[in-house]
Amino acid sequence: MGSRGCVRFRGIYVLPIRGKKCLIIDPKLGGSLSSIIQTSLLKEHGVELRHLSAEPIQSDCTKVVFLVRSKIDLMKFICSNVHNDISKGLQREYHVYFVPRRAVVCEKVLEDEKVHQLMTIGEYPLYVVPLDEDVLSFELDLAYKESQVDGDTSSLWHIAKAIHKLEMVVPEINTLILLDREVDMVTPMCSQLTYEGLIDEFLHINNGSVELDASIMGVQQEGKKIKVPLNSSDKLFKEIRDLNFEVVVQILRQKATSMKQDYTEMTTTTQTVSELKDFVKKLNSLPEITRHINLAQHLSTFTSKPSFLGQLDMEHTIVEAQSYDICYEYIEEMIHKQEPLVNVLRLLILFSVTNSGLPKKHFDYLRRELLHSYGFEHMATLNNLEKAGLLKKQETKSNWLTIKRALQLVVDDTDTANPNDIAYVFSGYAPLSIRLIQHAVRSGWRPIEEILKLLPGPHSETKRGRFSSSPSFDTLQGASANIDRAADGRRSLVLVVFIGGVTFAEISALRFLTAQEGMAYDMIIGTTKIVSGHNLAETFVEKLG
């Protein structure tokens with residue numbers, strides 16, 4: 001632990017293979033590894049880096065290390081590479097490391113392809129990847145879809161292992177809050193309106209950075225892409241990442257104006273040495289200001305589009321449960337215009353979830369129209385959504401109005417510049433997930449017991465006996481679980497784990513809560529993956545054949 005709420009991972013797991021080697025990694029693991037070790041450091045240790053594919057290995061190294069997730073298609077790539085070497089008479093030493101653990105089904109593929117005996121097999125226990133000072137990812141991209149659609153709950157084992165490891169590393173964790181994404185699928189389907197959230201919505205943040213055309217960032221190099229890092233080491237980003245985008249634009253304008261005024265004063269008046277030093281200090285922040293002005297300007301080209309503003313307006317109408325017919329007709333029109341499928345699905349999921357499904361007549365009609373517009377091969381997509389309960393026929397009356405009112409999820413006249421409620425992250429909608437956490441840390445869930453019963457899945461509060469040598473838990477169903485202050489009077493540390501993913505807007509709302517006066521806790525956020533409505537809806541898209 002560094003500062004309160006900041007986890008630092010110091011140790012790097014080193015593969016016990018001496019000499020020059022070729023490290024071939026699963027492309028999906030590339031970003032995760034870059035978060036914990038620099039490519040230059042690997043090169044210093046005689047490592048050639050390659051991405052795993054069906055293409056033959058291009059390396060003179062006699063030692064080859066495959067670092068992969070336990071996926072059957074990746075095993076086929078490994079076998080293809082080894083068979084190619086054998087056909088050329090190449091002799092190499094092969095090592096396969098599974099992340100985070102080996103799987104019998106994968107080793108069976110290697111055995112069937114007669115390459116298992118040529119390999120040394122091990123595990124690389126990468127369960128947690130630090131994305132920022134207070135955010136940890138378990139890097140389980142498909143956990144929600146696998147659990148809800150495929151009936152594959154293996155990710156839960158991984159999550160439990162990751163939490164256990166965290167507890168060993170960070171024993172100061174006082175309280176653990178587990179929240180299943182299924183409890184709140186409304187929030188991720190809404191467009192995030194914080195600075196970081198909007199960047200992810202339109203530019204897709206990947207492992208703490210976005211890749212953009214150099215011209216967007218003011219670099220005149222035709223066709224060149226540049227990576228823009230987005231993390232707490234950028235002081236300006238740390239200051240503005242969690243703010244509503246409207247406010248960010250104003251702050252950047254003020255900073256640019258202030259810098260211009262300072263420069264004018266420098267060139268027109270005589271300055272003291274102290275004043276010169278202050279100006280030079282300000283100049284050091286100029287690259288950061290320029291970077292975020294360019295980014296904000298680029299974001300504005302998306303946020304000013306009538307299509308985005310219309311979608312935003314419709315999201316609010318759906319969340320406020322104001323007019324079923326208007327929402328239904330809007331989605332119908334989107335389908336007929338053949339707007340991007342994921343955009344349609346996102347709004348359709350929001351509509352279905354807040355209404356506990358659609359009446360049979362509307363459900364059947366929209367399914368038929370979707371298949372006409374986007375192709376009958378998307379029958380698999382619709383089946384996936386139905387299996388997950390995200391697009392279904394209405395069988396019971398919706399509880400959304402009751403939930404919305406009881407938890408004050410819609411906040412009128414939200415002041416985005418000086419917010420006093422988490423609703424600022426969606427300009428008027430307080431994320432349900434964070435409202436639940438807010439209640440958990442303030443007074444426990446007992447006062448909202450009846451509301452919790454209206455939400456998907458069971459709920460419980462448990463407390464570990466402090467003075468007991470037994471690791472057993474006493475279950476306090478719905479009892480108050482006020483978070484206790486740490487023994488030495490410091491703020492308590494709460495680990496909030498989102499099973500199925502968390503959005504940047506929700507992270508911003510949690511940071512806002514932590515910063516409020518009178519809050520006696522710090523938070524670390526753990527998640528299977530950072531998600532947005534776009535990439536979450538995309539995981540259900542599947543074409544037949």
# chains A, B, ... in the order shown; residues from 1 in each chain; ligands from 1
call {"tool": "select_by_dssp", "arguments": {"residues": "region 165-251 of chain A", "states": "alpha helix (DSSP H)", "output": "JSON, numbers by chain"}}
result
{"A": [165, 166, 167, 168, 169, 186, 187, 188, 189, 195, 196, 197, 198, 199, 200, 201, 202, 203, 235, 236, 237, 238, 239, 240, 245, 246, 247, 248, 249, 250, 251]}
call {"tool": "residues_around", "arguments": {"residues": "His164 (chain A)", "least_positions_apart": "4", "cutoff": "12 Å", "atoms": "only C-alpha atoms", "output": "list in words"}}
result
Tyr127, Val128, Trp157, His158, Ile159, Ala160, Met168, Val169, Val170, Pro171, Ile173, Leu176 and Leu495 of chain A
call {"tool": "residues_around", "arguments": {"residues": "Ser53 (chain A)", "least_positions_apart": "4", "cutoff": "10 Å", "atoms": "only C-alpha atoms", "output": "MDAnalysis selection string"}}
result
chainID A and resid 24:27 57 73:74 76:78 80:81
call {"tool": "closest_residue", "arguments": {"among": "A:Pro188, A:Pro419, A:Gly428, A:Pro100", "to": "Ala162 (chain A)", "atoms": "only C-alpha atoms"}}
result
A:Pro100
call {"tool": "closest_residue", "arguments": {"among": "A:Ile72, A:Thr270, A:Gln311, A:His83", "to": "Lys108 (chain A)", "atoms": "only C-alpha atoms"}}
result
A:Ile72
call {"tool": "closest_residue", "arguments": {"among": "A:His95, A:Lys224, A:Lys305, A:Lys88", "to": "Ile17 (chain A)", "atoms": "only C-alpha atoms"}}
result
A:His95
call {"tool": "select_by_dssp", "arguments": {"residues": "region 244-487 of chain A", "states": "strand (DSSP E)", "output": "ChimeraX atom specification"}}
result
/A:462-464,473-475
call {"tool": "residues_around", "arguments": {"residues": "Ala143 (chain A)", "least_positions_apart": "2", "cutoff": "8 Å", "atoms": "only C-alpha atoms", "output": "VMD selection string"}}
result
chain A and resid 140 to 141 145 to 147 153 155 499 to 500 528
call {"tool": "write_last_selection", "arguments": {"atoms": "N, CA, C and O atoms", "output": "PDB file, in the first residue's frame"}}
result
ATOM      1  N   LEU A 140     -11.300 -10.175 -17.180  1.00  0.00           N
ATOM      2  CA  LEU A 140     -12.213 -11.233 -17.642  1.00  0.00           C
ATOM      3  C   LEU A 140     -13.240 -10.597 -18.577  1.00  0.00           C
ATOM      4  O   LEU A 140     -14.357 -10.264 -18.187  1.00  0.00           O
ATOM      5  N   ASP A 141     -12.835 -10.422 -19.829  1.00  0.00           N
ATOM      6  CA  ASP A 141     -13.626  -9.676 -20.808  1.00  0.00           C
ATOM      7  C   ASP A 141     -15.059 -10.172 -20.945  1.00  0.00           C
ATOM      8  O   ASP A 141     -15.993  -9.390 -21.091  1.00  0.00           O
ATOM      9  N   LYS A 145     -21.224 -12.378 -20.165  1.00  0.00           N
ATOM     10  CA  LYS A 145     -21.867 -13.180 -21.217  1.00  0.00           C
ATOM     11  C   LYS A 145     -21.689 -14.674 -20.939  1.00  0.00           C
ATOM     12  O   LYS A 145     -22.621 -15.472 -21.098  1.00  0.00           O
ATOM     13  N   GLU A 146     -20.477 -15.071 -20.524  1.00  0.00           N
ATOM     14  CA  GLU A 146     -20.221 -16.490 -20.242  1.00  0.00           C
ATOM     15  C   GLU A 146     -21.143 -17.004 -19.140  1.00  0.00           C
ATOM     16  O   GLU A 146     -21.674 -18.108 -19.222  1.00  0.00           O
ATOM     17  N   SER A 147     -21.332 -16.184 -18.123  1.00  0.00           N
ATOM     18  CA  SER A 147     -22.168 -16.593 -16.989  1.00  0.00           C
ATOM     19  C   SER A 147     -23.652 -16.599 -17.349  1.00  0.00           C
ATOM     20  O   SER A 147     -24.368 -17.560 -17.072  1.00  0.00           O
ATOM     21  N   THR A 153     -19.546 -20.568 -15.308  1.00  0.00           N
ATOM     22  CA  THR A 153     -19.283 -19.725 -14.128  1.00  0.00           C
ATOM     23  C   THR A 153     -17.826 -19.821 -13.658  1.00  0.00           C
ATOM     24  O   THR A 153     -17.516 -19.478 -12.520  1.00  0.00           O
ATOM     25  N   SER A 155     -15.433 -17.997 -14.266  1.00  0.00           N
ATOM     26  CA  SER A 155     -14.880 -16.675 -13.924  1.00  0.00           C
ATOM     27  C   SER A 155     -15.055 -16.378 -12.424  1.00  0.00           C
ATOM     28  O   SER A 155     -14.267 -15.640 -11.837  1.00  0.00           O
ATOM     29  N   ILE A 499     -18.857  -7.629 -10.407  1.00  0.00           N
ATOM     30  CA  ILE A 499     -18.776  -8.893 -11.154  1.00  0.00           C
ATOM     31  C   ILE A 499     -19.590  -8.721 -12.436  1.00  0.00           C
ATOM     32  O   ILE A 499     -20.811  -8.629 -12.397  1.00  0.00           O
ATOM     33  N   GLY A 500     -18.870  -8.629 -13.551  1.00  0.00           N
ATOM     34  CA  GLY A 500     -19.548  -8.394 -14.827  1.00  0.00           C
ATOM     35  C   GLY A 500     -19.192  -7.050 -15.427  1.00  0.00           C
ATOM     36  O   GLY A 500     -19.644  -6.710 -16.513  1.00  0.00           O
ATOM     37  N   THR A 528     -14.251  -7.173 -13.132  1.00  0.00           N
ATOM     38  CA  THR A 528     -13.873  -8.178 -14.121  1.00  0.00           C
ATOM     39  C   THR A 528     -13.337  -7.497 -15.374  1.00  0.00           C
ATOM     40  O   THR A 528     -12.477  -8.026 -16.064  1.00  0.00           O
TER      41      THR A 528
END
call {"tool": "residues_around", "arguments": {"residues": "Lys397 (chain A)", "least_positions_apart": "5", "cutoff": "12 Å", "atoms": "only C-alpha atoms", "output": "list in words"}}
result
Ser352, Val353, Thr354, Asn355, Ser356, Gly357, Leu358, Pro359, Thr402 and Leu454 of chain A
call {"tool": "residues_around", "arguments": {"residues": "Leu131 (chain A)", "least_positions_apart": "5", "cutoff": "9 Å", "atoms": "only C-alpha atoms", "output": "VMD selection string"}}
result
chain A and resid 32 35 136 to 137 207 to 208 231
